[in-house]
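Chemist: File name structure-v3.csv; file contents CSV, C-alpha atoms; full text below.
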```csv
chain,number,residue,atom,x,y,z
E,1,MET,CA,0.0,0.0,0.0
E,2,ALA,CA,1.4,3.5,-0.9
E,3,ILE,CA,0.3,7.1,-0.8
E,4,MET,CA,0.6,8.7,-4.2
E,5,GLY,CA,-0.6,12.1,-5.3
E,6,GLY,CA,-2.9,12.6,-2.3
E,7,GLU,CA,-4.5,9.2,-3.0
E,8,GLU,CA,-4.2,5.9,-1.1
E,9,ARG,CA,-3.4,3.0,-3.5
E,10,ARG,CA,-3.0,-0.7,-2.8
E,11,VAL,CA,-0.5,-2.8,-4.8
E,12,THR,CA,-2.0,-6.1,-6.1
E,13,SER,CA,-0.2,-9.3,-6.6
E,14,GLY,CA,0.2,-8.6,-10.3
E,15,GLY,CA,1.9,-5.4,-9.6
E,16,ASP,CA,-1.0,-3.2,-10.6
E,17,THR,CA,-2.4,-0.6,-8.3
E,18,MET,CA,-6.0,-0.2,-7.2
E,19,GLU,CA,-7.4,3.0,-5.9
E,20,ARG,CA,-8.6,2.4,-2.4
E,21,SER,CA,-9.7,5.9,-1.3
E,22,SER,CA,-8.9,9.5,-2.1
E,23,TRP,CA,-8.7,12.7,0.0
E,24,LYS,CA,-7.6,16.3,-0.4
E,25,GLU,CA,-6.9,19.1,1.9
E,26,ILE,CA,-9.6,21.5,3.0
E,27,SER,CA,-9.3,24.8,1.0
E,28,PRO,CA,-9.2,28.1,2.9
E,29,THR,CA,-12.7,28.9,1.7
E,30,GLN,CA,-14.1,25.6,3.0
E,31,TYR,CA,-12.3,26.2,6.3
E,32,LYS,CA,-13.9,29.6,6.7
E,33,VAL,CA,-17.3,28.2,5.9
E,34,ILE,CA,-16.9,25.5,8.5
E,35,GLU,CA,-15.6,28.0,11.0
E,36,THR,CA,-18.5,30.4,10.4
E,37,VAL,CA,-21.0,27.6,10.8
E,38,PHE,CA,-19.3,26.4,14.0
E,39,MET,CA,-19.1,29.9,15.5
E,40,THR,CA,-22.8,30.6,14.6
E,41,ALA,CA,-23.9,27.4,16.3
E,42,PHE,CA,-21.7,28.0,19.3
E,43,GLY,CA,-23.0,31.5,19.6
E,44,GLY,CA,-26.6,30.3,19.4
E,45,VAL,CA,-26.1,27.7,22.1
E,46,SER,CA,-24.2,30.0,24.4
E,47,GLY,CA,-26.8,32.8,23.9
E,48,ALA,CA,-29.6,30.4,24.6
E,49,VAL,CA,-28.0,29.2,27.9
E,50,LEU,CA,-27.2,32.7,29.0
E,51,GLY,CA,-30.6,34.1,28.0
E,52,GLY,CA,-32.4,31.3,29.8
E,53,ILE,CA,-30.4,31.9,33.0
E,54,VAL,CA,-31.0,35.7,32.8
E,55,GLY,CA,-34.7,35.2,32.2
E,56,THR,CA,-35.2,32.7,35.0
E,57,VAL,CA,-32.9,34.1,37.7
E,58,ILE,CA,-33.1,37.8,37.1
E,59,MET,CA,-35.9,39.1,34.9
E,60,ALA,CA,-38.8,36.9,35.9
E,61,PRO,CA,-38.4,37.5,39.7
E,62,MET,CA,-37.9,41.2,39.0
E,63,ALA,CA,-41.1,41.4,36.9
E,64,ARG,CA,-43.1,39.7,39.6
E,65,ARG,CA,-41.7,41.8,42.4
E,66,TYR,CA,-42.3,45.1,40.6
E,67,PRO,CA,-45.7,44.8,38.8
E,68,GLN,CA,-45.4,48.5,37.8
E,69,ALA,CA,-42.3,47.7,35.7
E,70,PRO,CA,-42.2,48.6,32.0
E,71,ALA,CA,-43.8,46.2,29.6
E,72,ALA,CA,-40.5,44.7,28.6
E,73,LEU,CA,-40.1,43.4,32.2
E,74,ARG,CA,-43.7,42.1,32.5
E,75,ARG,CA,-43.6,39.2,30.1
E,76,THR,CA,-44.8,36.8,32.8
E,77,GLN,CA,-48.1,38.5,32.9
E,78,ARG,CA,-48.8,37.5,29.3
E,79,MET,CA,-46.9,34.2,29.2
E,80,GLY,CA,-47.9,32.9,32.6
E,81,PHE,CA,-45.0,30.7,33.6
E,82,VAL,CA,-41.3,31.3,34.4
E,83,ASN,CA,-40.2,28.6,32.0
E,84,GLN,CA,-42.0,30.4,29.2
E,85,TYR,CA,-40.3,33.6,30.3
E,86,ALA,CA,-36.9,31.8,30.2
E,87,ARG,CA,-37.7,30.5,26.8
E,88,ALA,CA,-38.3,34.0,25.5
E,89,TYR,CA,-35.0,35.3,26.7
E,90,ALA,CA,-33.2,32.1,25.6
E,91,LEU,CA,-34.6,32.7,22.0
E,92,GLU,CA,-33.5,36.3,22.0
E,93,GLY,CA,-30.0,35.5,23.5
E,94,SER,CA,-29.6,32.7,20.9
E,95,ALA,CA,-30.5,35.0,18.0
E,96,VAL,CA,-28.1,37.8,19.2
E,97,PHE,CA,-25.0,35.6,19.8
E,98,ALA,CA,-25.6,33.4,16.7
E,99,ALA,CA,-25.7,36.5,14.5
E,100,TRP,CA,-22.9,38.2,16.3
E,101,PHE,CA,-20.5,35.3,16.3
E,102,GLY,CA,-21.4,34.3,12.7
E,103,ILE,CA,-21.0,37.8,11.3
E,104,GLU,CA,-17.7,38.3,13.2
E,105,SER,CA,-16.3,35.1,11.6
E,106,ILE,CA,-17.4,36.3,8.2
E,107,MET,CA,-15.8,39.7,8.7
E,108,ARG,CA,-12.5,38.2,9.8
E,109,GLY,CA,-12.6,36.1,6.6
E,110,ILE,CA,-13.3,39.1,4.4
E,111,ARG,CA,-11.1,41.7,6.0
E,112,GLY,CA,-8.4,39.4,7.3
E,113,LYS,CA,-8.3,41.1,10.7
E,114,ASP,CA,-10.3,41.6,13.8
E,115,ASP,CA,-10.5,45.4,14.1
E,116,LEU,CA,-13.0,48.0,15.4
E,117,THR,CA,-15.0,48.1,12.2
E,118,SER,CA,-15.5,44.3,12.2
E,119,ARG,CA,-16.6,44.3,15.8
E,120,MET,CA,-19.1,47.1,15.2
E,121,VAL,CA,-20.6,45.4,12.2
E,122,SER,CA,-20.9,42.1,14.0
E,123,ALA,CA,-22.5,43.8,17.0
E,124,SER,CA,-24.9,45.7,14.7
E,125,GLY,CA,-26.0,42.3,13.3
E,126,GLY,CA,-26.5,41.0,16.8
E,127,GLY,CA,-28.7,44.0,17.6
E,128,LEU,CA,-30.7,43.5,14.5
E,129,ALA,CA,-31.2,39.8,15.3
E,130,TYR,CA,-32.3,40.8,18.8
E,131,SER,CA,-34.9,43.2,17.4
E,132,PHE,CA,-36.3,40.5,15.0
E,133,ALA,CA,-36.4,37.9,17.8
E,134,MET,CA,-38.2,40.4,20.1
E,135,LYS,CA,-40.6,42.1,17.7
E,136,GLY,CA,-40.8,39.6,14.8
E,137,LEU,CA,-40.1,40.3,11.2
E,138,THR,CA,-43.1,42.6,11.1
E,139,GLY,CA,-41.8,44.7,14.0
E,140,GLN,CA,-41.2,48.4,13.8
E,141,PRO,CA,-38.2,49.3,11.5
E,142,ALA,CA,-37.3,52.2,13.9
E,143,HIS,CA,-36.8,49.7,16.7
E,144,ALA,CA,-34.6,47.5,14.5
E,145,LEU,CA,-32.4,50.4,13.4
E,146,PHE,CA,-32.1,51.8,16.9
E,147,THR,CA,-31.2,48.5,18.4
E,148,SER,CA,-28.6,47.8,15.6
E,149,ALA,CA,-27.0,51.2,16.1
E,150,TYR,CA,-27.0,50.8,19.9
E,151,TYR,CA,-25.3,47.5,19.8
E,152,ALA,CA,-22.7,48.8,17.3
E,153,ALA,CA,-22.0,51.9,19.4
E,154,LEU,CA,-21.7,49.9,22.7
E,155,SER,CA,-19.3,47.4,21.1
E,156,GLY,CA,-17.2,50.2,19.6
E,157,THR,CA,-17.0,52.1,22.9
E,158,THR,CA,-16.0,48.9,24.8
E,159,ALA,CA,-13.4,48.0,22.2
E,160,THR,CA,-11.9,51.5,22.2
E,161,ILE,CA,-11.6,51.5,26.0
E,162,LYS,CA,-10.0,48.1,26.0
E,163,SER,CA,-7.6,49.1,23.4
E,164,ARG,CA,-6.6,52.3,25.3
E,165,ASN,CA,-6.1,50.3,28.5
E,166,ALA,CA,-3.9,47.8,26.7
E,167,GLN,CA,-1.9,50.6,25.1
E,168,ASP,CA,-1.4,52.3,28.5
E,169,ALA,CA,0.3,49.2,29.8
E,170,PHE,CA,3.3,50.0,27.6
E,171,TYR,CA,3.7,53.5,29.1
E,172,ILE,CA,3.7,52.9,32.9
E,173,GLU,CA,7.3,54.0,33.4
E,174,THR,CA,6.9,56.8,30.9
E,175,LYS,CA,3.9,58.2,32.7
E,176,ALA,CA,5.7,58.0,36.0
E,177,MET,CA,8.7,59.9,34.6
E,178,LEU,CA,6.6,62.6,33.0
E,179,SER,CA,4.6,63.0,36.2
E,180,LYS,CA,7.7,63.4,38.3
E,181,LEU,CA,9.0,66.0,35.9
E,182,ASP,CA,5.6,67.8,35.8
E,183,LEU,CA,5.5,67.1,32.0
E,184,GLU,CA,2.3,65.1,31.7
E,185,GLU,CA,1.1,67.2,28.8
E,186,TYR,CA,3.7,65.5,26.6
E,187,GLU,CA,2.4,62.0,27.2
E,188,LYS,CA,0.5,62.2,23.9
E,189,ASN,CA,3.8,63.0,22.1
E,190,PHE,CA,5.4,59.8,23.4
E,191,LYS,CA,2.3,57.7,22.3
E,192,LYS,CA,2.3,59.3,18.9
E,193,GLY,CA,5.9,58.4,18.4
E,194,HIS,CA,5.4,54.9,19.9
E,195,LEU,CA,8.1,55.7,22.5
E,196,THR,CA,7.2,52.9,25.0
E,197,ASP,CA,8.9,52.1,28.3
E,198,PRO,CA,11.5,49.8,26.7
E,199,THR,CA,12.7,52.6,24.5
E,200,LEU,CA,13.4,55.1,27.4
E,201,PRO,CA,17.1,54.1,27.8
E,202,PHE,CA,17.7,54.8,24.1
E,203,LEU,CA,16.1,58.2,23.8
E,204,THR,CA,18.1,61.0,22.3
E,205,ASP,CA,17.6,64.7,21.7
E,206,SER,CA,16.8,64.2,18.0
E,207,VAL,CA,14.3,61.5,18.8
E,208,LEU,CA,12.4,63.7,21.2
E,209,GLN,CA,12.6,66.5,18.7
E,210,GLU,CA,10.9,64.3,16.1
E,211,VAL,CA,7.9,64.0,18.4
E,212,ASN,CA,7.7,67.7,18.8
E,213,ILE,CA,8.8,68.0,22.4
E,214,PRO,CA,10.3,71.5,23.1
E,215,PRO,CA,14.0,72.0,24.1
E,216,GLY,CA,13.4,72.6,27.8
E,217,PRO,CA,11.3,69.5,28.4
E,218,ARG,CA,13.8,67.5,26.2
E,219,LEU,CA,16.7,68.5,28.5
E,220,LEU,CA,14.7,67.5,31.6
E,221,ILE,CA,13.8,64.1,30.2
E,222,LEU,CA,17.3,63.3,29.0
E,223,ASP,CA,18.8,64.4,32.3
E,224,HIS,CA,16.3,62.2,34.2
E,225,ILE,CA,17.1,59.2,31.9
E,226,GLN,CA,20.9,59.7,32.3
E,227,ARG,CA,20.6,59.8,36.1
E,228,TYR,CA,18.4,56.7,36.1
E,229,ASN,CA,20.8,54.8,33.9
E,230,LYS,CA,23.8,55.7,36.2
E,231,MET,CA,21.8,54.6,39.2
E,232,VAL,CA,21.1,51.2,37.5
E,233,ASN,CA,24.7,50.7,36.5
E,234,ARG,CA,25.9,51.3,40.0
E,235,LYS,CA,23.7,48.6,41.3
```
Do you think you could lay out the structure here as structure tokens?

Modeler:
Amino acid sequence: MAIMGGEERRVTSGGDTMERSSWKEISPTQYKVIETVFMTAFGGVSGAVLGGIVGTVIMAPMARRYPQAPAALRRTQRMGFVNQYARAYALEGSAVFAAWFGIESIMRGIRGKDDLTSRMVSASGGGLAYSFAMKGLTGQPAHALFTSAYYAALSGTTATIKSRNAQDAFYIETKAMLSKLDLEEYEKNFKKGHLTDPTLPFLTDSVLQEVNIPPGPRLLILDHIQRYNKMVNRK
């Protein structure tokens, strides 16, 4: 038996070969389709579980405790049972996360990256799915548009905050130095030039000049770095 040309062949007693089975590698397109289907299914199941828990543990008891709550919180009054209440939220959660995860996978395949635009489009699709699950296909278009825009804005804001926090982690020593020298206003200059903490020992006057830091602050920064380097070398 031998593997030839991506096919498995068995050698017969007469020396001839007989094709036993064939296979070929999954193409990138097929892989992306499989990934999208998997992520959509995973999102749907995860959303259903999460929605069911929220509907049973949080929303249903809240609606019963506060009968004057808005209509969105009083589904038990028209459905009757907590399990029906949980089903409603499970359906909505499943729709949101299935659309969100599926579109996110598609956007990664199209754009080749997971950036702010992809996340906002994915969240927008999740918001649209939520509106359809809640209001039905004949629901108010204004509600669908508002929900879609709200989800996109919420996702974009969250992603931006996370990105800034992650970026700030590279400027901890830089911030401390500028704060000590009373030069916090030039923090944006360091970030614009990508002068992170590991680059501090290598700063020169010309480098600081390139990020538009005036002569006086440049002298203070370089003097601080020189003193710090001498202190480290002594140790």

Chemist: For E:Val96, work out the shell of residues within 10 Å, counting all atoms listed in the file and skipping chain neighbours fewer than 2 positions away, then give it as a VMD selection string.

Modeler: chain E and resid 43 to 44 47 to 48 51 90 to 94 98 to 102 122 to 133

Chemist: List as an MDAnalysis selection string the residues having at least one atom at most 12 Å from position (-17.6, 38.1, 8.3) as given in the file, counting only C-alpha atoms.

Modeler: chainID E and resid 32:33 35:37 39:40 99:115 117:123 125

Chemist: List the spatial neighbours of stretch 84-86 of chain E as a list in words - criterion: any atom at most 9 Å away, all atoms listed in the file, same-chain residues fewer than 6 positions off excluded.

Modeler: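 Within the cut-off, the hits are Gly51, Gly52, Ile53, Val54, Gly55, Thr56, Val57, Met59, Ala60, Arg75 and Thr76 of chain E.
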
Chemist: Looking at E:Leu116, E:His224, E:Met62, E:Gln140, which one is nearest to E:Ile161, with distances taken over all atoms listed in the file?

Modeler: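 Selected residue with least distance to E:Ile161: E:Leu116.
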
Chemist: Which residues are close to E:Ile221, i.e. within 12 Å by only C-alpha atoms, leaving aside same-chain residues fewer than 3 positions away? Reply as a CSV table (one decimal) with C-alpha atoms, keeping the file's coordinate frame.

Modeler:
```csv
chain,number,residue,atom,x,y,z
E,174,THR,CA,6.9,56.8,30.9
E,175,LYS,CA,3.9,58.2,32.7
E,176,ALA,CA,5.7,58.0,36.0
E,177,MET,CA,8.7,59.9,34.6
E,178,LEU,CA,6.6,62.6,33.0
E,179,SER,CA,4.6,63.0,36.2
E,180,LYS,CA,7.7,63.4,38.3
E,181,LEU,CA,9.0,66.0,35.9
E,182,ASP,CA,5.6,67.8,35.8
E,183,LEU,CA,5.5,67.1,32.0
E,184,GLU,CA,2.3,65.1,31.7
E,186,TYR,CA,3.7,65.5,26.6
E,187,GLU,CA,2.4,62.0,27.2
E,190,PHE,CA,5.4,59.8,23.4
E,200,LEU,CA,13.4,55.1,27.4
E,201,PRO,CA,17.1,54.1,27.8
E,202,PHE,CA,17.7,54.8,24.1
E,203,LEU,CA,16.1,58.2,23.8
E,204,THR,CA,18.1,61.0,22.3
E,205,ASP,CA,17.6,64.7,21.7
E,207,VAL,CA,14.3,61.5,18.8
E,208,LEU,CA,12.4,63.7,21.2
E,209,GLN,CA,12.6,66.5,18.7
E,213,ILE,CA,8.8,68.0,22.4
E,214,PRO,CA,10.3,71.5,23.1
E,215,PRO,CA,14.0,72.0,24.1
E,216,GLY,CA,13.4,72.6,27.8
E,217,PRO,CA,11.3,69.5,28.4
E,218,ARG,CA,13.8,67.5,26.2
E,224,HIS,CA,16.3,62.2,34.2
E,225,ILE,CA,17.1,59.2,31.9
E,226,GLN,CA,20.9,59.7,32.3
E,227,ARG,CA,20.6,59.8,36.1
E,228,TYR,CA,18.4,56.7,36.1
```

Chemist: Show which residues sit within 10 Å of stretch 191-193 of chain E, as number ranges by chain. Count only C-alpha atoms, and ignore same-chain residues fewer than 6 positions away.

Modeler: E: 167-168, 170-171, 174, 207-208, 210-212

Chemist: Give me, please, the distance in Å between atom CA of E:Ala166 and atom CA of E:Ser148, quoted to one decimal.

Modeler: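 Here the two named atoms are 27.1 Å from each other.
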
Chemist: Rounded to one decimal, what separation in Å do you get between atom CA of E:Glu185 and atom CA of E:Asn229?

Modeler: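 Between atom CA of E:Glu185 and atom CA of E:Asn229 the gap works out to 23.8 Å.
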
Chemist: Report, in Å to a single decimal, how far apart atom CA of E:Met134 and atom CA of E:Ala88 are.

Modeler: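 Separating atom CA of E:Ala88 from atom CA of E:Met134 is a distance of 8.4 Å.
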